[in-house]
Amino acid sequence: MKGVKISPTRPDVDVVLPCLNEAEALPWVLDRIPPGWRALVVDNGSTDGSADLARELGASVVDEPRRGFGAACHAGLTAATADIVCFCDCDASLDPTLLLPFVREVRAGEADLVLGRRRPSGRGVWPVHARAGNLALARMLRRRTGLRLHDLGPLRAARREPLLALGLTDRRSGYPLQMVVRAADAGWRIAEHDVPYLPRSGESKVTGTWRGTWQAVRDMRRVLAEAPAVPVATAPAAQGGTPR
């Protein structure tokens with residue numbers, strides 16, 4: 001097991017990995033971080049030694065004691081220094097190498113935010129209740145923004161400074177959706193691509209139960225009920241990126 005490839009200079013890309021008791025999955029995930037990229041493992045109160053293991057494997061560790069998926073994601077975003085920031089779950093359900101074409105698309109100016117549409121690799125990989133909740137949210141998102149997306153999954157890539165300018169405030173399960181909604185309000189070009197969804201390692205913290213799934217749906221419904229943000233966070237191209 002090789003561990004993370006550490007770059008002596010500023011990383012080409014930062015990959016934010018929210019982490020809560022993922023020691024079992026960390027070696028697999030970190031071994032798949034592309035060369036020149038930096039893994040930012042955001043420890044969200046793990047009790048299984050995840051933070052120490054991540055450091056041993058060469059990752060940068062960010063401590064975020066406030067529980068919540070959004071809190072962990074945003075702590076990673078604010079700690080990032082690379083021009084492009086990616087997000088990926090830390091449970092081995094998604095392979096970080098899948099982010100390579102996402103980053104190329106952002107870097108080439110073909111899209112401002114690229115999302116992965118999860119495609120289960122086998123039966124039972126994505127529980128029925130989680131898929132139903134995701135489908136309901138995608139439909140609500142379409143009504144709110146006009147975006148014809150199929151998934152609000154965690155695998156995504158965008159430029160760091162425009163992401164920060166979105167002023168994301170949700171610190172729970174609504175964070176991924178709020179990112180998409182505010183990006184759409186700001187006129188970003190949003191792309192979606194199929195990615196294989198693998199059996200996760202360990203127990204899901206959010207969608208492993210009906211209760212967890214519908215709590216996430218409630219969080220996201222609150223995001224969708226927000227009034228459109230004042231368009232101060234314009235599309236990355238308008239902030240000096242590649243012209244449309």
# chains A, B, ... in the order shown; residues from 1 in each chain; ligands from 1
$ select_by_dssp --residues "range 9-126 of chain A" --states "strand (DSSP E or B)" --output "mmCIF file with N, CA and C atoms, in the first residue's frame"
data_model
loop_
_atom_site.group_PDB
_atom_site.id
_atom_site.type_symbol
_atom_site.label_atom_id
_atom_site.label_comp_id
_atom_site.auth_asym_id
_atom_site.auth_seq_id
_atom_site.Cartn_x
_atom_site.Cartn_y
_atom_site.Cartn_z
ATOM 1 N N VAL A 13 -4.489 20.038 -7.043
ATOM 2 C CA VAL A 13 -5.900 19.900 -6.678
ATOM 3 C C VAL A 13 -5.958 19.472 -5.217
ATOM 4 N N ASP A 14 -6.919 20.009 -4.475
ATOM 5 C CA ASP A 14 -7.191 19.535 -3.122
ATOM 6 C C ASP A 14 -8.458 18.680 -3.152
ATOM 7 N N VAL A 15 -8.408 17.527 -2.502
ATOM 8 C CA VAL A 15 -9.571 16.638 -2.420
ATOM 9 C C VAL A 15 -10.048 16.607 -0.973
ATOM 10 N N VAL A 16 -11.228 17.137 -0.732
ATOM 11 C CA VAL A 16 -11.809 17.176 0.611
ATOM 12 C C VAL A 16 -12.513 15.851 0.881
ATOM 13 N N LEU A 17 -12.109 15.204 1.977
ATOM 14 C CA LEU A 17 -12.643 13.891 2.346
ATOM 15 C C LEU A 17 -13.244 13.961 3.750
ATOM 16 N N PRO A 18 -14.549 14.240 3.886
ATOM 17 C CA PRO A 18 -15.175 14.234 5.210
ATOM 18 C C PRO A 18 -15.052 12.851 5.835
ATOM 19 N N CYS A 19 -14.659 12.805 7.094
ATOM 20 C CA CYS A 19 -14.315 11.514 7.698
ATOM 21 C C CYS A 19 -14.879 11.395 9.105
ATOM 22 N N TRP A 37 -1.948 15.665 -6.317
ATOM 23 C CA TRP A 37 -3.117 16.157 -5.609
ATOM 24 C C TRP A 37 -2.909 15.960 -4.106
ATOM 25 N N ARG A 38 -3.605 16.767 -3.306
ATOM 26 C CA ARG A 38 -3.504 16.645 -1.850
ATOM 27 C C ARG A 38 -4.822 16.155 -1.264
ATOM 28 N N ALA A 39 -4.739 15.170 -0.399
ATOM 29 C CA ALA A 39 -5.903 14.677 0.332
ATOM 30 C C ALA A 39 -6.063 15.485 1.610
ATOM 31 N N LEU A 40 -7.222 16.113 1.775
ATOM 32 C CA LEU A 40 -7.562 16.830 3.002
ATOM 33 C C LEU A 40 -8.622 16.011 3.736
ATOM 34 N N VAL A 41 -8.182 15.212 4.679
ATOM 35 C CA VAL A 41 -9.103 14.389 5.462
ATOM 36 C C VAL A 41 -9.628 15.248 6.601
ATOM 37 N N VAL A 42 -10.925 15.494 6.594
ATOM 38 C CA VAL A 42 -11.532 16.332 7.632
ATOM 39 C C VAL A 42 -12.141 15.412 8.682
ATOM 40 N N ASP A 43 -11.461 15.311 9.825
ATOM 41 C CA ASP A 43 -11.926 14.411 10.877
ATOM 42 C C ASP A 43 -13.053 15.080 11.648
ATOM 43 N N SER A 60 -3.153 15.309 4.670
ATOM 44 C CA SER A 60 -3.295 16.446 5.580
ATOM 45 C C SER A 60 -4.614 16.271 6.319
ATOM 46 N N VAL A 61 -4.598 16.487 7.630
ATOM 47 C CA VAL A 61 -5.788 16.273 8.446
ATOM 48 C C VAL A 61 -6.281 17.603 8.989
ATOM 49 N N VAL A 62 -7.557 17.846 8.814
ATOM 50 C CA VAL A 62 -8.229 19.033 9.344
ATOM 51 C C VAL A 62 -9.207 18.557 10.409
ATOM 52 N N ASP A 63 -9.134 19.120 11.592
ATOM 53 C CA ASP A 63 -10.053 18.751 12.670
ATOM 54 C C ASP A 63 -11.277 19.654 12.647
ATOM 55 N N ILE A 84 -8.325 24.325 -7.742
ATOM 56 C CA ILE A 84 -9.480 23.462 -7.915
ATOM 57 C C ILE A 84 -9.635 22.565 -6.692
ATOM 58 N N VAL A 85 -10.869 22.476 -6.207
ATOM 59 C CA VAL A 85 -11.177 21.658 -5.033
ATOM 60 C C VAL A 85 -12.196 20.596 -5.433
ATOM 61 N N CYS A 86 -11.933 19.374 -5.011
ATOM 62 C CA CYS A 86 -12.854 18.260 -5.229
ATOM 63 C C CYS A 86 -13.397 17.791 -3.882
ATOM 64 N N PHE A 87 -14.529 17.117 -3.942
ATOM 65 C CA PHE A 87 -15.137 16.509 -2.763
ATOM 66 C C PHE A 87 -15.410 15.043 -3.083
ATOM 67 N N LEU A 113 -18.978 23.602 -12.394
ATOM 68 C CA LEU A 113 -19.183 22.619 -11.331
ATOM 69 C C LEU A 113 -19.513 21.298 -11.999
ATOM 70 N N VAL A 114 -18.769 20.249 -11.663
ATOM 71 C CA VAL A 114 -18.996 18.932 -12.245
ATOM 72 C C VAL A 114 -19.392 17.973 -11.128
ATOM 73 N N LEU A 115 -20.479 17.249 -11.349
ATOM 74 C CA LEU A 115 -21.025 16.331 -10.353
ATOM 75 C C LEU A 115 -21.015 14.907 -10.880
ATOM 76 N N GLY A 116 -20.890 13.956 -9.964
ATOM 77 C CA GLY A 116 -20.969 12.548 -10.321
ATOM 78 C C GLY A 116 -22.362 11.997 -10.072
ATOM 79 N N ARG A 117 -22.943 11.377 -11.092
ATOM 80 C CA ARG A 117 -24.220 10.689 -10.945
ATOM 81 C C ARG A 117 -23.945 9.240 -10.584
ATOM 82 N N ARG A 118 -24.279 8.856 -9.376
ATOM 83 C CA ARG A 118 -23.957 7.521 -8.897
ATOM 84 C C ARG A 118 -24.775 6.448 -9.601
ATOM 85 N N ARG A 119 -24.056 5.430 -10.070
ATOM 86 C CA ARG A 119 -24.665 4.258 -10.694
ATOM 87 C C ARG A 119 -24.263 3.030 -9.889
ATOM 88 N N PRO A 120 -25.176 2.413 -9.149
ATOM 89 C CA PRO A 120 -24.833 1.281 -8.278
ATOM 90 C C PRO A 120 -24.148 0.156 -9.047
#
$ select_by_dssp --residues "range 72-225 of chain A" --states "alpha helix (DSSP H)" --output "VMD selection string"
chain A and resid 72 to 79 99 to 107 128 to 145 160 to 165 175 to 185 210 to 225
$ atom_distance --atom1 "CA of Glu192 in chain A" --atom2 "CA of His150 in chain A"
8.2 Å
$ atom_distance --atom1 "CA of Ala51 in chain A" --atom2 "CA of Val195 in chain A"
27.4 Å
$ residues_around --residues "Ala75 in chain A" --least-positions-apart "3" --cutoff "8 Å" --atoms "only C-alpha atoms" --output "VMD selection string"
chain A and resid 42 62 64 71 to 72 78 to 79
$ write_last_selection --atoms "N, CA, C and O atoms" --output "PDB file, in the first residue's frame"
ATOM      1  N   VAL A  42     -10.925  15.494   6.594  1.00  0.00           N
ATOM      2  CA  VAL A  42     -11.532  16.332   7.632  1.00  0.00           C
ATOM      3  C   VAL A  42     -12.141  15.412   8.682  1.00  0.00           C
ATOM      4  O   VAL A  42     -13.186  14.791   8.460  1.00  0.00           O
ATOM      5  N   VAL A  62      -7.557  17.846   8.814  1.00  0.00           N
ATOM      6  CA  VAL A  62      -8.229  19.033   9.344  1.00  0.00           C
ATOM      7  C   VAL A  62      -9.207  18.557  10.409  1.00  0.00           C
ATOM      8  O   VAL A  62     -10.009  17.648  10.154  1.00  0.00           O
ATOM      9  N   GLU A  64     -12.465  19.046  12.596  1.00  0.00           N
ATOM     10  CA  GLU A  64     -13.728  19.790  12.668  1.00  0.00           C
ATOM     11  C   GLU A  64     -14.607  19.119  13.709  1.00  0.00           C
ATOM     12  O   GLU A  64     -15.299  18.140  13.440  1.00  0.00           O
ATOM     13  N   ALA A  71     -20.521  20.743   7.852  1.00  0.00           N
ATOM     14  CA  ALA A  71     -19.443  21.330   8.648  1.00  0.00           C
ATOM     15  C   ALA A  71     -18.101  20.766   8.224  1.00  0.00           C
ATOM     16  O   ALA A  71     -17.112  21.500   8.080  1.00  0.00           O
ATOM     17  N   ALA A  72     -18.040  19.452   8.000  1.00  0.00           N
ATOM     18  CA  ALA A  72     -16.788  18.820   7.583  1.00  0.00           C
ATOM     19  C   ALA A  72     -16.382  19.282   6.181  1.00  0.00           C
ATOM     20  O   ALA A  72     -15.218  19.608   5.936  1.00  0.00           O
ATOM     21  N   THR A  78     -12.370  25.556   3.329  1.00  0.00           N
ATOM     22  CA  THR A  78     -11.659  26.730   3.839  1.00  0.00           C
ATOM     23  C   THR A  78     -10.181  26.426   4.092  1.00  0.00           C
ATOM     24  O   THR A  78      -9.349  27.345   4.075  1.00  0.00           O
ATOM     25  N   ALA A  79      -9.841  25.162   4.304  1.00  0.00           N
ATOM     26  CA  ALA A  79      -8.436  24.792   4.505  1.00  0.00           C
ATOM     27  C   ALA A  79      -7.704  24.589   3.185  1.00  0.00           C
ATOM     28  O   ALA A  79      -6.466  24.566   3.161  1.00  0.00           O
TER      29      ALA A  79
END
$ closest_residue --among "A:Arg10, A:Arg67, A:His74, A:Arg156" --to "Val180 in chain A" --atoms "only C-alpha atoms"
A:Arg156
$ atom_distance --atom1 "CA of Gly167 in chain A" --atom2 "CA of Leu99 in chain A"
23.9 Å
$ closest_atom_pairs --of "range 122-165 of chain A" --to "range 218-223 of chain A" --cutoff "10 Å" --atoms "only C-alpha atoms" --output "Markdown table"
| residue | atom | partner | partner_atom | distance |
| --- | --- | --- | --- | --- |
| A:Gly133 | CA | A:Arg218 | CA | 10.0 |
| A:Leu137 | CA | A:Met220 | CA | 7.5 |
| A:Met140 | CA | A:Arg221 | CA | 8.2 |
| A:Leu141 | CA | A:Arg221 | CA | 9.3 |
$ closest_residue --among "A:Leu147, A:Val29, A:Ala80, A:Cys73" --to "Ser93 in chain A" --atoms "only C-alpha atoms"
A:Val29
$ residues_around --residues "Ala227 in chain A" --least-positions-apart "3" --cutoff "12 Å" --atoms "only C-alpha atoms" --output "PyMOL selection string"
chain A and resi 144-145+178+181-182+185+222-224+230-231
